[in-house]
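*Asks:* Contents of input-v2.pdb (PDB, C-alpha atoms and all ligand atoms) are given next:
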ATOM      1  CA  MET A   1      21.616 -48.644  43.715
ATOM      2  CA  SER A   2      21.911 -52.352  42.952
ATOM      3  CA  ILE A   3      18.464 -53.613  43.974
ATOM      4  CA  GLN A   4      16.233 -54.371  40.995
ATOM      5  CA  ALA A   5      13.267 -51.964  40.907
ATOM      6  CA  GLN A   6       9.787 -53.489  40.816
ATOM      7  CA  ILE A   7       7.578 -51.422  38.508
ATOM      8  CA  VAL A   8       3.902 -51.829  37.661
ATOM      9  CA  VAL A   9       2.500 -50.026  34.629
ATOM     10  CA  VAL A  10      -1.255 -49.522  34.329
ATOM     11  CA  GLY A  11      -2.015 -48.258  30.841
ATOM     12  CA  SER A  12      -2.575 -48.627  27.133
ATOM     13  CA  ILE A  13      -1.333 -51.256  24.707
ATOM     14  CA  ASN A  14      -1.392 -50.420  20.981
ATOM     15  CA  MET A  15      -0.083 -51.615  17.684
ATOM     16  CA  ASP A  16       1.533 -48.624  15.942
ATOM     17  CA  LEU A  17       0.938 -48.313  12.174
ATOM     18  CA  VAL A  18       3.658 -45.929  11.107
ATOM     19  CA  VAL A  19       4.315 -44.122   7.815
ATOM     20  CA  LYS A  20       7.314 -41.897   7.150
ATOM     21  CA  THR A  21       6.296 -38.754   5.295
ATOM     22  CA  PRO A  22       8.187 -35.729   4.050
ATOM     23  CA  ARG A  23       5.884 -33.627   6.229
ATOM     24  CA  ILE A  24       2.669 -33.951   8.244
ATOM     25  CA  ALA A  25      -0.384 -33.745   5.934
ATOM     26  CA  LEU A  26      -2.662 -30.705   6.222
ATOM     27  CA  GLU A  27      -6.404 -31.028   6.849
ATOM     28  CA  GLY A  28      -8.087 -32.432   3.725
ATOM     29  CA  GLU A  29      -4.749 -33.134   2.028
ATOM     30  CA  THR A  30      -3.419 -36.443   0.664
ATOM     31  CA  ILE A  31       0.344 -36.856   0.535
ATOM     32  CA  ILE A  32       2.548 -39.790  -0.482
ATOM     33  CA  GLY A  33       4.570 -41.393   2.305
ATOM     34  CA  ASP A  34       7.726 -43.453   2.204
ATOM     35  CA  GLY A  35       7.662 -46.836   3.930
ATOM     36  CA  PHE A  36       5.144 -48.420   6.273
ATOM     37  CA  SER A  37       5.931 -50.271   9.504
ATOM     38  CA  THR A  38       3.891 -52.046  12.153
ATOM     39  CA  MET A  39       5.376 -52.050  15.644
ATOM     40  CA  PRO A  40       4.329 -52.440  19.275
ATOM     41  CA  GLY A  41       3.295 -49.186  20.947
ATOM     42  CA  GLY A  42       0.883 -47.551  23.349
ATOM     43  CA  LYS A  43       2.084 -45.223  26.079
ATOM     44  CA  GLY A  44       1.623 -47.801  28.822
ATOM     45  CA  ALA A  45       3.306 -50.618  26.921
ATOM     46  CA  ASN A  46       6.121 -48.315  25.787
ATOM     47  CA  GLN A  47       6.846 -47.328  29.383
ATOM     48  CA  ALA A  48       6.763 -50.974  30.453
ATOM     49  CA  VAL A  49       9.223 -52.020  27.727
ATOM     50  CA  ALA A  50      11.521 -49.062  28.409
ATOM     51  CA  ALA A  51      11.540 -49.761  32.168
ATOM     52  CA  SER A  52      12.297 -53.448  31.579
ATOM     53  CA  ARG A  53      15.225 -52.630  29.272
ATOM     54  CA  LEU A  54      16.505 -50.174  31.886
ATOM     55  CA  GLY A  55      16.741 -53.019  34.383
ATOM     56  CA  ALA A  56      13.447 -53.085  36.279
ATOM     57  CA  GLN A  57      11.219 -56.084  36.887
ATOM     58  CA  VAL A  58       7.984 -54.975  35.224
ATOM     59  CA  LYS A  59       4.357 -56.057  35.275
ATOM     60  CA  MET A  60       1.809 -54.669  32.833
ATOM     61  CA  VAL A  61      -1.859 -54.092  33.657
ATOM     62  CA  GLY A  62      -4.025 -53.391  30.601
ATOM     63  CA  CYS A  63      -6.258 -54.801  27.875
ATOM     64  CA  VAL A  64      -5.826 -56.157  24.347
ATOM     65  CA  GLY A  65      -8.412 -57.433  21.882
ATOM     66  CA  ASP A  66      -8.887 -61.059  20.832
ATOM     67  CA  ASP A  67      -7.232 -60.495  17.468
ATOM     68  CA  ARG A  68      -3.876 -60.990  15.768
ATOM     69  CA  TYR A  69      -2.416 -57.751  17.138
ATOM     70  CA  GLY A  70      -3.446 -58.684  20.677
ATOM     71  CA  ARG A  71      -1.705 -62.054  20.418
ATOM     72  CA  GLU A  72       1.420 -60.489  18.887
ATOM     73  CA  LEU A  73       1.619 -57.851  21.607
ATOM     74  CA  LEU A  74       1.227 -60.416  24.396
ATOM     75  CA  ALA A  75       4.042 -62.491  22.879
ATOM     76  CA  HIS A  76       6.153 -59.345  22.587
ATOM     77  CA  PHE A  77       5.712 -58.580  26.320
ATOM     78  CA  GLU A  78       7.022 -62.065  27.099
ATOM     79  CA  GLU A  79      10.080 -61.437  24.896
ATOM     80  CA  GLU A  80      10.689 -58.224  26.839
ATOM     81  CA  ASN A  81      10.447 -60.068  30.206
ATOM     82  CA  ILE A  82       7.278 -58.230  31.208
ATOM     83  CA  GLY A  83       4.682 -59.964  33.366
ATOM     84  CA  THR A  84       1.333 -60.245  31.578
ATOM     85  CA  GLU A  85      -0.822 -61.982  34.247
ATOM     86  CA  TYR A  86      -2.907 -58.802  34.447
ATOM     87  CA  VAL A  87      -3.223 -58.096  30.743
ATOM     88  CA  THR A  88      -6.826 -59.017  29.923
ATOM     89  CA  THR A  89      -7.919 -60.152  26.470
ATOM     90  CA  ILE A  90     -11.333 -58.636  25.770
ATOM     91  CA  SER A  91     -13.461 -60.892  23.648
ATOM     92  CA  GLY A  92     -15.109 -59.384  20.570
ATOM     93  CA  GLN A  93     -12.954 -56.262  20.836
ATOM     94  CA  SER A  94     -10.087 -55.118  18.624
ATOM     95  CA  THR A  95      -6.669 -54.234  20.013
ATOM     96  CA  GLY A  96      -5.846 -50.525  20.225
ATOM     97  CA  VAL A  97      -4.045 -49.072  17.205
ATOM     98  CA  ALA A  98      -2.214 -45.797  16.630
ATOM     99  CA  MET A  99      -1.957 -44.266  13.150
ATOM    100  CA  ILE A 100       1.359 -42.413  13.174
ATOM    101  CA  THR A 101       3.079 -40.258  10.578
ATOM    102  CA  VAL A 102       6.674 -39.192  11.173
ATOM    103  CA  ASN A 103       8.124 -36.327   9.146
ATOM    104  CA  GLU A 104      11.702 -35.664   8.028
ATOM    105  CA  SER A 105      12.521 -33.775  11.231
ATOM    106  CA  GLY A 106      11.359 -36.720  13.337
ATOM    107  CA  GLU A 107       8.206 -34.955  14.568
ATOM    108  CA  ASN A 108       4.995 -36.978  14.530
ATOM    109  CA  SER A 109       1.243 -36.847  14.314
ATOM    110  CA  ILE A 110      -0.651 -39.609  16.150
ATOM    111  CA  VAL A 111      -4.294 -40.695  16.091
ATOM    112  CA  VAL A 112      -5.246 -43.499  18.488
ATOM    113  CA  ALA A 113      -8.224 -45.854  18.093
ATOM    114  CA  PRO A 114      -8.324 -47.183  21.696
ATOM    115  CA  GLY A 115     -10.149 -50.476  21.019
ATOM    116  CA  ALA A 116      -9.689 -52.739  24.042
ATOM    117  CA  ASN A 117      -7.900 -49.980  26.005
ATOM    118  CA  ALA A 118     -11.274 -48.243  26.354
ATOM    119  CA  ARG A 119     -12.590 -51.363  28.110
ATOM    120  CA  MET A 120     -10.113 -51.132  30.971
ATOM    121  CA  THR A 121     -12.092 -50.918  34.228
ATOM    122  CA  PRO A 122     -11.422 -50.278  37.936
ATOM    123  CA  SER A 123     -12.163 -53.930  38.606
ATOM    124  CA  TYR A 124      -9.293 -55.080  36.339
ATOM    125  CA  VAL A 125      -7.063 -52.741  38.345
ATOM    126  CA  ARG A 126      -8.306 -54.169  41.663
ATOM    127  CA  GLU A 127      -7.459 -57.674  40.431
ATOM    128  CA  ALA A 128      -3.842 -56.488  40.233
ATOM    129  CA  GLU A 129      -3.822 -54.990  43.745
ATOM    130  CA  ASN A 130      -1.313 -57.565  45.028
ATOM    131  CA  VAL A 131       1.308 -56.700  42.429
ATOM    132  CA  ILE A 132       0.711 -52.962  42.815
ATOM    133  CA  ARG A 133       1.088 -53.346  46.594
ATOM    134  CA  SER A 134       4.520 -54.957  46.251
ATOM    135  CA  ALA A 135       5.821 -52.518  43.616
ATOM    136  CA  ASP A 136       8.406 -49.772  44.219
ATOM    137  CA  MET A 137       6.683 -47.500  41.706
ATOM    138  CA  LEU A 138       3.440 -47.263  39.730
ATOM    139  CA  LEU A 139       3.498 -45.663  36.272
ATOM    140  CA  VAL A 140       0.176 -44.468  34.800
ATOM    141  CA  GLN A 141      -0.812 -42.431  31.734
ATOM    142  CA  LEU A 142      -4.156 -41.172  30.385
ATOM    143  CA  GLU A 143      -4.793 -43.455  27.386
ATOM    144  CA  ILE A 144      -7.228 -45.610  29.384
ATOM    145  CA  PRO A 145     -10.536 -44.565  31.009
ATOM    146  CA  MET A 146     -10.183 -42.093  33.872
ATOM    147  CA  ASP A 147     -11.966 -44.316  36.404
ATOM    148  CA  ALA A 148      -9.316 -47.012  35.841
ATOM    149  CA  VAL A 149      -6.547 -44.415  36.244
ATOM    150  CA  GLU A 150      -8.144 -43.146  39.462
ATOM    151  CA  GLU A 151      -8.475 -46.664  40.843
ATOM    152  CA  ALA A 152      -4.827 -47.469  40.078
ATOM    153  CA  VAL A 153      -3.678 -44.326  41.868
ATOM    154  CA  LYS A 154      -6.000 -45.032  44.807
ATOM    155  CA  VAL A 155      -4.703 -48.591  45.192
ATOM    156  CA  ALA A 156      -1.086 -47.393  45.052
ATOM    157  CA  ASN A 157      -1.774 -44.706  47.660
ATOM    158  CA  ARG A 158      -3.448 -47.241  49.927
ATOM    159  CA  HIS A 159      -0.199 -49.238  49.947
ATOM    160  CA  ARG A 160       2.126 -46.191  49.968
ATOM    161  CA  VAL A 161       3.506 -47.022  46.536
ATOM    162  CA  PRO A 162       4.752 -43.846  44.812
ATOM    163  CA  VAL A 163       2.933 -42.842  41.611
ATOM    164  CA  ILE A 164       4.238 -41.164  38.469
ATOM    165  CA  LEU A 165       1.310 -39.965  36.353
ATOM    166  CA  ASN A 166       2.199 -39.020  32.796
ATOM    167  CA  PRO A 167      -0.848 -36.937  31.767
ATOM    168  CA  ALA A 168      -0.776 -37.906  28.102
ATOM    169  CA  PRO A 169      -2.956 -37.316  26.213
ATOM    170  CA  ALA A 170      -3.868 -34.323  28.395
ATOM    171  CA  ARG A 171      -7.222 -34.253  30.145
ATOM    172  CA  GLN A 172      -8.730 -32.303  32.985
ATOM    173  CA  MET A 173      -8.057 -34.015  36.302
ATOM    174  CA  SER A 174      -9.736 -33.593  39.668
ATOM    175  CA  ASP A 175      -7.896 -32.129  42.661
ATOM    176  CA  VAL A 176      -8.626 -35.399  44.465
ATOM    177  CA  LEU A 177      -6.577 -37.248  41.841
ATOM    178  CA  LEU A 178      -3.802 -34.646  41.657
ATOM    179  CA  LYS A 179      -3.319 -34.762  45.449
ATOM    180  CA  GLN A 180      -2.532 -38.487  45.192
ATOM    181  CA  ILE A 181       0.215 -38.038  42.600
ATOM    182  CA  ASP A 182       3.855 -38.056  43.675
ATOM    183  CA  ILE A 183       5.232 -36.881  40.349
ATOM    184  CA  LEU A 184       3.235 -35.452  37.442
ATOM    185  CA  THR A 185       5.133 -35.420  34.141
ATOM    186  CA  PRO A 186       3.343 -33.268  31.540
ATOM    187  CA  ASN A 187       5.052 -31.835  28.508
ATOM    188  CA  GLU A 188       4.568 -28.102  28.066
ATOM    189  CA  THR A 189       1.369 -28.407  26.016
ATOM    190  CA  GLU A 190      -0.150 -30.967  28.371
ATOM    191  CA  GLY A 191       0.691 -28.756  31.354
ATOM    192  CA  LYS A 192      -1.086 -25.793  29.750
ATOM    193  CA  ILE A 193      -4.152 -27.872  28.865
ATOM    194  CA  ILE A 194      -4.444 -29.241  32.408
ATOM    195  CA  VAL A 195      -4.091 -25.800  33.957
ATOM    196  CA  THR A 196      -5.959 -23.552  31.505
ATOM    197  CA  GLY A 197      -7.887 -25.949  29.255
ATOM    198  CA  ARG A 198      -6.053 -24.487  26.221
ATOM    199  CA  ALA A 199      -2.879 -25.633  24.463
ATOM    200  CA  GLU A 200      -2.361 -22.081  23.098
ATOM    201  CA  SER A 201      -2.311 -20.511  26.555
ATOM    202  CA  ASP A 202       0.595 -18.122  27.183
ATOM    203  CA  ALA A 203       1.051 -19.386  30.763
ATOM    204  CA  SER A 204       4.769 -19.717  31.526
ATOM    205  CA  ILE A 205       6.431 -22.974  32.589
ATOM    206  CA  GLY A 206       6.790 -21.601  36.126
ATOM    207  CA  GLU A 207       3.116 -20.615  36.266
ATOM    208  CA  VAL A 208       1.967 -24.037  35.074
ATOM    209  CA  MET A 209       4.200 -25.826  37.571
ATOM    210  CA  SER A 210       3.175 -23.556  40.475
ATOM    211  CA  HIS A 211      -0.478 -24.075  39.652
ATOM    212  CA  LEU A 212      -0.114 -27.857  39.626
ATOM    213  CA  ILE A 213       1.746 -27.796  42.950
ATOM    214  CA  SER A 214      -0.942 -25.507  44.421
ATOM    215  CA  ARG A 215      -3.556 -28.107  43.439
ATOM    216  CA  GLY A 216      -1.768 -30.774  45.467
ATOM    217  CA  VAL A 217       0.693 -32.565  43.153
ATOM    218  CA  LYS A 218       3.802 -33.266  45.236
ATOM    219  CA  ARG A 219       6.385 -32.752  42.468
ATOM    220  CA  VAL A 220       6.191 -31.781  38.805
ATOM    221  CA  VAL A 221       8.687 -32.753  36.121
ATOM    222  CA  MET A 222       7.852 -30.981  32.875
ATOM    223  CA  THR A 223       9.460 -32.253  29.690
ATOM    224  CA  LEU A 224      10.388 -29.494  27.237
ATOM    225  CA  GLY A 225      11.442 -31.484  24.142
ATOM    226  CA  GLY A 226      14.813 -30.360  22.797
ATOM    227  CA  GLU A 227      15.063 -27.773  25.585
ATOM    228  CA  GLY A 228      15.305 -30.339  28.357
ATOM    229  CA  ALA A 229      13.151 -30.706  31.453
ATOM    230  CA  ALA A 230      12.073 -28.505  34.348
ATOM    231  CA  TYR A 231      11.459 -29.978  37.759
ATOM    232  CA  SER A 232      10.181 -28.723  41.069
ATOM    233  CA  GLU A 233      12.185 -29.279  44.220
ATOM    234  CA  SER A 234      11.508 -27.710  47.628
ATOM    235  CA  GLY A 235       9.464 -24.824  46.230
ATOM    236  CA  ALA A 236      11.985 -23.950  43.486
ATOM    237  CA  TYR A 237      12.098 -24.875  39.792
ATOM    238  CA  ARG A 238      15.218 -26.098  38.064
ATOM    239  CA  LEU A 239      15.892 -26.545  34.367
ATOM    240  CA  MET A 240      18.064 -29.379  33.120
ATOM    241  CA  ARG A 241      19.202 -28.877  29.545
ATOM    242  CA  ALA A 242      18.610 -31.646  26.990
ATOM    243  CA  HIS A 243      21.338 -33.651  25.315
ATOM    244  CA  LYS A 244      22.078 -32.746  21.721
ATOM    245  CA  VAL A 245      21.392 -35.696  19.431
ATOM    246  CA  GLU A 246      20.473 -36.366  15.802
ATOM    247  CA  THR A 247      16.675 -36.691  15.865
ATOM    248  CA  VAL A 248      15.229 -39.474  13.714
ATOM    249  CA  ASP A 249      11.844 -40.005  15.406
ATOM    250  CA  THR A 250      10.502 -38.438  18.610
ATOM    251  CA  THR A 251       7.722 -41.050  19.014
ATOM    252  CA  GLY A 252       7.954 -42.584  22.491
ATOM    253  CA  ALA A 253      10.555 -40.111  23.818
ATOM    254  CA  GLY A 254       8.192 -39.100  26.619
ATOM    255  CA  ASP A 255       7.602 -42.763  27.434
ATOM    256  CA  SER A 256      11.356 -43.413  27.638
ATOM    257  CA  PHE A 257      11.679 -40.391  29.899
ATOM    258  CA  ASN A 258       8.929 -41.568  32.264
ATOM    259  CA  ALA A 259      10.370 -45.063  32.444
ATOM    260  CA  GLY A 260      13.851 -43.719  33.170
ATOM    261  CA  LEU A 261      12.513 -41.427  35.865
ATOM    262  CA  GLY A 262      10.507 -44.231  37.473
ATOM    263  CA  VAL A 263      13.290 -46.809  37.398
ATOM    264  CA  TYR A 264      15.936 -44.491  38.822
ATOM    265  CA  LEU A 265      13.703 -43.189  41.609
ATOM    266  CA  ALA A 266      12.555 -46.715  42.446
ATOM    267  CA  GLU A 267      16.211 -47.698  42.818
ATOM    268  CA  GLY A 268      16.639 -44.939  45.411
ATOM    269  CA  GLY A 269      18.075 -42.114  43.274
ATOM    270  CA  THR A 270      17.382 -38.427  43.911
ATOM    271  CA  LEU A 271      15.002 -36.491  41.680
ATOM    272  CA  GLU A 272      17.898 -34.615  40.072
ATOM    273  CA  GLU A 273      19.757 -37.848  39.282
ATOM    274  CA  ALA A 274      16.549 -39.450  38.013
ATOM    275  CA  VAL A 275      15.784 -36.518  35.686
ATOM    276  CA  ARG A 276      19.322 -36.700  34.298
ATOM    277  CA  PHE A 277      19.014 -40.463  33.744
ATOM    278  CA  ALA A 278      15.547 -40.052  32.163
ATOM    279  CA  GLN A 279      16.870 -37.393  29.805
ATOM    280  CA  LYS A 280      19.593 -39.718  28.589
ATOM    281  CA  ALA A 281      17.056 -42.497  27.969
ATOM    282  CA  ALA A 282      14.791 -40.069  26.079
ATOM    283  CA  ALA A 283      17.664 -38.600  24.060
ATOM    284  CA  LEU A 284      18.810 -42.050  22.942
ATOM    285  CA  SER A 285      15.248 -43.030  22.028
ATOM    286  CA  VAL A 286      14.901 -40.243  19.442
ATOM    287  CA  THR A 287      18.009 -41.360  17.535
ATOM    288  CA  ASN A 288      16.212 -44.370  16.007
ATOM    289  CA  PHE A 289      12.920 -44.998  14.265
ATOM    290  CA  GLY A 290       9.824 -46.238  16.148
ATOM    291  CA  ALA A 291       8.732 -46.028  19.772
ATOM    292  CA  GLN A 292       9.703 -49.390  21.255
ATOM    293  CA  PRO A 293      12.421 -50.354  18.753
ATOM    294  CA  SER A 294      14.387 -47.284  19.838
ATOM    295  CA  MET A 295      14.093 -47.655  23.630
ATOM    296  CA  PRO A 296      17.657 -47.988  24.987
ATOM    297  CA  ASN A 297      18.885 -50.587  27.468
ATOM    298  CA  ARG A 298      20.691 -49.791  30.719
ATOM    299  CA  THR A 299      24.176 -50.231  29.299
ATOM    300  CA  LYS A 300      23.528 -47.729  26.514
ATOM    301  CA  VAL A 301      22.169 -45.151  28.951
ATOM    302  CA  ASN A 302      25.067 -45.642  31.373
ATOM    303  CA  GLN A 303      27.583 -45.223  28.545
ATOM    304  CA  PHE A 304      25.868 -42.146  27.100
ATOM    305  CA  GLU A 305      28.040 -39.085  27.685
ATOM    306  CA  TYR A 306      26.344 -35.876  28.755
ATOM    307  CA  ASN A 307      26.888 -33.160  26.145
TER     308      ASN A 307
HETATM  309  O1  LIG B   1       3.801 -42.078  23.169
HETATM  310  C1  LIG B   1       3.834 -42.703  21.908
HETATM  311  C2  LIG B   1       2.666 -43.628  21.761
HETATM  312  O2  LIG B   1       1.482 -42.875  21.706
HETATM  313  C3  LIG B   1       2.651 -44.467  20.519
HETATM  314  O3  LIG B   1       3.377 -45.662  20.653
HETATM  315  C4  LIG B   1       1.178 -44.650  20.225
HETATM  316  O4  LIG B   1       0.734 -45.960  20.365
HETATM  317  C5  LIG B   1       0.466 -43.700  21.170
HETATM  318  O5  LIG B   1      -0.084 -44.355  22.236
END
What would you get if you wrote out this structure as structure tokens?
*Replies:*
Amino acid sequence: MSIQAQIVVVGSINMDLVVKTPRIALEGETIIGDGFSTMPGGKGANQAVAASRLGAQVKMVGCVGDDRYGRELLAHFEEENIGTEYVTTISGQSTGVAMITVNESGENSIVVAPGANARMTPSYVREAENVIRSADMLLVQLEIPMDAVEEAVKVANRHRVPVILNPAPARQMSDVLLKQIDILTPNETEGKIIVTGRAESDASIGEVMSHLISRGVKRVVMTLGGEGAAYSESGAYRLMRAHKVETVDTTGAGDSFNAGLGVYLAEGGTLEEAVRFAQKAAALSVTNFGAQPSMPNRTKVNQFEYN
């Protein structure tokens, strides 16, 4: 387990505009928040930063706009030792932003204006084929156009590079795509939306996971927030309980989890070990404010005691 994992992330890059609020505002309501922060975000970028801090060598494939946020985010990737050769600056386009409110219990509400992320194309992915080919793991999410996601997965499959697809935000996906996924990592709501089209569905965790496996996904790891994570292994489903921590902000917890899972598997760990490692990374990430500022490094995760 000493070889450094090579990870490529194909996904979104945002600037997060975050306000702390006593609670999430209702429709049509104005409430007064408490403190405003601007910090790097985006599910793809968050996973890249988390994987780098966990010890992987990471390359990012995505798009930013030709504006101040785009320049700041590119500089931030460099500080985090993330390769940016395949981050394209789209002229005349703004960088993606996420408007985030975080309430007193650490739960959030997020609205994303994709900006340059929406301009990600299959041809930008193909330009990165050489780095995808030499990676140990590809991480993808659904905050960029579906044809770019499909191309990234196709390229990885062509070179037998394992793929973790984090289906966030949830969208319908074709069976052709699902069959090419090694590990799908929905949360409970995303799993229900993918399977039934409805977040309010009463489908059980087991039913959602069985359905996804029946459609061709090789393995499913479903994150269950404070309850832990369920994962499929040899036709059975196992639940791993979450760590108990003081929750400050859950933003980016799923991204920490996906990065932890990807890094540990890429280093040769088993799925069970990787889920345990990912849970520790996610648990630590909710104990501080912000998505990327709270992503733990390898030492912190290794020292974190299971409770
Ligand atoms: O997963 C959290 C992320 O979702 C935020 O950083 C925000 O940018 C949105 O993409």
*Asks:* Just checking: using only C-alpha atoms and all ligand atoms, which residue out of A:Asn108, A:Asn103, A:Asn157, A:Gln4 ends up closest to ligand LIG 1 (chain B)?
*Replies:* A:Asn108
*Asks:* I'd like to see the residues matched by the PyMOL selection byres (((chain A and resi 278) around 9) and not hetatm) on this file, and ideally I'd get them as a list in words.
*Replies:*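 Applied to this file, the PyMOL selection byres (((chain A and resi 278) around 9) and not hetatm) returns Ser256, Phe257, Asn258, Ala259, Gly260, Leu261, Gly262, Val263, Tyr264, Glu273, Ala274, Val275, Arg276, Phe277, Gln279, Lys280, Ala281, Ala282, Ala283 and Val301 of chain A.
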*Asks:* Could you tell me which residues the PyMOL selection byres (((chain A and resi 46-62) around 6) and not hetatm) returns for this structure, as a ChimeraX atom specification?
*Replies:* /A:4-11,41-45,63,82-84,86-87,255-256,259,292,295,297-298
*Asks:* Which residues sit within 10 Å of ligand LIG 1 (chain B), counting all atoms listed in the file, listed as a PyMOL selection string?
*Replies:* chain A and resi 11-18+39-47+96-100+108-114+141-143+168-169+250-256+290-292
*Asks:* Any chance you can output those residues with C-alpha atoms as an mmCIF file, in the coordinates of the input?
*Replies:*
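Final file, result.cif:
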data_model
loop_
_atom_site.group_PDB
_atom_site.id
_atom_site.type_symbol
_atom_site.label_atom_id
_atom_site.label_comp_id
_atom_site.auth_asym_id
_atom_site.auth_seq_id
_atom_site.Cartn_x
_atom_site.Cartn_y
_atom_site.Cartn_z
ATOM 1 C CA GLY A 11 -2.015 -48.258 30.841
ATOM 2 C CA SER A 12 -2.575 -48.627 27.133
ATOM 3 C CA ILE A 13 -1.333 -51.256 24.707
ATOM 4 C CA ASN A 14 -1.392 -50.420 20.981
ATOM 5 C CA MET A 15 -0.083 -51.615 17.684
ATOM 6 C CA ASP A 16 1.533 -48.624 15.942
ATOM 7 C CA LEU A 17 0.938 -48.313 12.174
ATOM 8 C CA VAL A 18 3.658 -45.929 11.107
ATOM 9 C CA MET A 39 5.376 -52.050 15.644
ATOM 10 C CA PRO A 40 4.329 -52.440 19.275
ATOM 11 C CA GLY A 41 3.295 -49.186 20.947
ATOM 12 C CA GLY A 42 0.883 -47.551 23.349
ATOM 13 C CA LYS A 43 2.084 -45.223 26.079
ATOM 14 C CA GLY A 44 1.623 -47.801 28.822
ATOM 15 C CA ALA A 45 3.306 -50.618 26.921
ATOM 16 C CA ASN A 46 6.121 -48.315 25.787
ATOM 17 C CA GLN A 47 6.846 -47.328 29.383
ATOM 18 C CA GLY A 96 -5.846 -50.525 20.225
ATOM 19 C CA VAL A 97 -4.045 -49.072 17.205
ATOM 20 C CA ALA A 98 -2.214 -45.797 16.630
ATOM 21 C CA MET A 99 -1.957 -44.266 13.150
ATOM 22 C CA ILE A 100 1.359 -42.413 13.174
ATOM 23 C CA ASN A 108 4.995 -36.978 14.530
ATOM 24 C CA SER A 109 1.243 -36.847 14.314
ATOM 25 C CA ILE A 110 -0.651 -39.609 16.150
ATOM 26 C CA VAL A 111 -4.294 -40.695 16.091
ATOM 27 C CA VAL A 112 -5.246 -43.499 18.488
ATOM 28 C CA ALA A 113 -8.224 -45.854 18.093
ATOM 29 C CA PRO A 114 -8.324 -47.183 21.696
ATOM 30 C CA GLN A 141 -0.812 -42.431 31.734
ATOM 31 C CA LEU A 142 -4.156 -41.172 30.385
ATOM 32 C CA GLU A 143 -4.793 -43.455 27.386
ATOM 33 C CA ALA A 168 -0.776 -37.906 28.102
ATOM 34 C CA PRO A 169 -2.956 -37.316 26.213
ATOM 35 C CA THR A 250 10.502 -38.438 18.610
ATOM 36 C CA THR A 251 7.722 -41.050 19.014
ATOM 37 C CA GLY A 252 7.954 -42.584 22.491
ATOM 38 C CA ALA A 253 10.555 -40.111 23.818
ATOM 39 C CA GLY A 254 8.192 -39.100 26.619
ATOM 40 C CA ASP A 255 7.602 -42.763 27.434
ATOM 41 C CA SER A 256 11.356 -43.413 27.638
ATOM 42 C CA GLY A 290 9.824 -46.238 16.148
ATOM 43 C CA ALA A 291 8.732 -46.028 19.772
ATOM 44 C CA GLN A 292 9.703 -49.390 21.255
#
*Asks:* Compare A:Glu104, A:Asp136, A:Glu29, A:Glu127 by their minimum atom-to-atom distance to Ile3 in chain A, counting all atoms listed in the file, and give me the closest one.
*Replies:* A:Asp136
*Asks:* What would the list of residues within 10 Å of (-8.9, -55.4, 20.7) (file frame) look like as a PyMOL selection string, if all atoms listed in the file are what count?
*Replies:* chain A and resi 13-14+63-71+89-97+113-119
*Asks:* Just C-alpha atoms for this one: save the residues we selected as a PDB file, in the coordinates of the input.
*Replies:*
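Output file result-v2.pdb follows:
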ATOM      1  CA  ILE A  13      -1.333 -51.256  24.707  1.00  0.00           C
ATOM      2  CA  ASN A  14      -1.392 -50.420  20.981  1.00  0.00           C
ATOM      3  CA  CYS A  63      -6.258 -54.801  27.875  1.00  0.00           C
ATOM      4  CA  VAL A  64      -5.826 -56.157  24.347  1.00  0.00           C
ATOM      5  CA  GLY A  65      -8.412 -57.433  21.882  1.00  0.00           C
ATOM      6  CA  ASP A  66      -8.887 -61.059  20.832  1.00  0.00           C
ATOM      7  CA  ASP A  67      -7.232 -60.495  17.468  1.00  0.00           C
ATOM      8  CA  ARG A  68      -3.876 -60.990  15.768  1.00  0.00           C
ATOM      9  CA  TYR A  69      -2.416 -57.751  17.138  1.00  0.00           C
ATOM     10  CA  GLY A  70      -3.446 -58.684  20.677  1.00  0.00           C
ATOM     11  CA  ARG A  71      -1.705 -62.054  20.418  1.00  0.00           C
ATOM     12  CA  THR A  89      -7.919 -60.152  26.470  1.00  0.00           C
ATOM     13  CA  ILE A  90     -11.333 -58.636  25.770  1.00  0.00           C
ATOM     14  CA  SER A  91     -13.461 -60.892  23.648  1.00  0.00           C
ATOM     15  CA  GLY A  92     -15.109 -59.384  20.570  1.00  0.00           C
ATOM     16  CA  GLN A  93     -12.954 -56.262  20.836  1.00  0.00           C
ATOM     17  CA  SER A  94     -10.087 -55.118  18.624  1.00  0.00           C
ATOM     18  CA  THR A  95      -6.669 -54.234  20.013  1.00  0.00           C
ATOM     19  CA  GLY A  96      -5.846 -50.525  20.225  1.00  0.00           C
ATOM     20  CA  VAL A  97      -4.045 -49.072  17.205  1.00  0.00           C
ATOM     21  CA  ALA A 113      -8.224 -45.854  18.093  1.00  0.00           C
ATOM     22  CA  PRO A 114      -8.324 -47.183  21.696  1.00  0.00           C
ATOM     23  CA  GLY A 115     -10.149 -50.476  21.019  1.00  0.00           C
ATOM     24  CA  ALA A 116      -9.689 -52.739  24.042  1.00  0.00           C
ATOM     25  CA  ASN A 117      -7.900 -49.980  26.005  1.00  0.00           C
ATOM     26  CA  ALA A 118     -11.274 -48.243  26.354  1.00  0.00           C
ATOM     27  CA  ARG A 119     -12.590 -51.363  28.110  1.00  0.00           C
TER      28      ARG A 119
END
*Asks:* To one decimal place, how far is CA of Lys179 in chain A from CA of Ala229 in chain A in Å?
*Replies:*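 Here the two named atoms are 22.0 Å from each other.
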*Asks:* Between CA of Leu74 in chain A and CA of Val155 in chain A, measure the distance and give it in Å to one decimal.
*Replies:*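 Computing it gives 24.6 Å between the two atoms.
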*Asks:* Could you jot down the CA of His243 in chain A to CA of Leu284 in chain A separation for me, Å, one decimal place?
*Replies:*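 Separation of CA of His243 in chain A and CA of Leu284 in chain A: 9.1 Å.
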*Asks:* Considering only C-alpha atoms, can you say which of A:Asp202, A:Glu207, A:Glu78, A:Glu267 comes closest to Ala236 in chain A?
*Replies:* A:Glu207
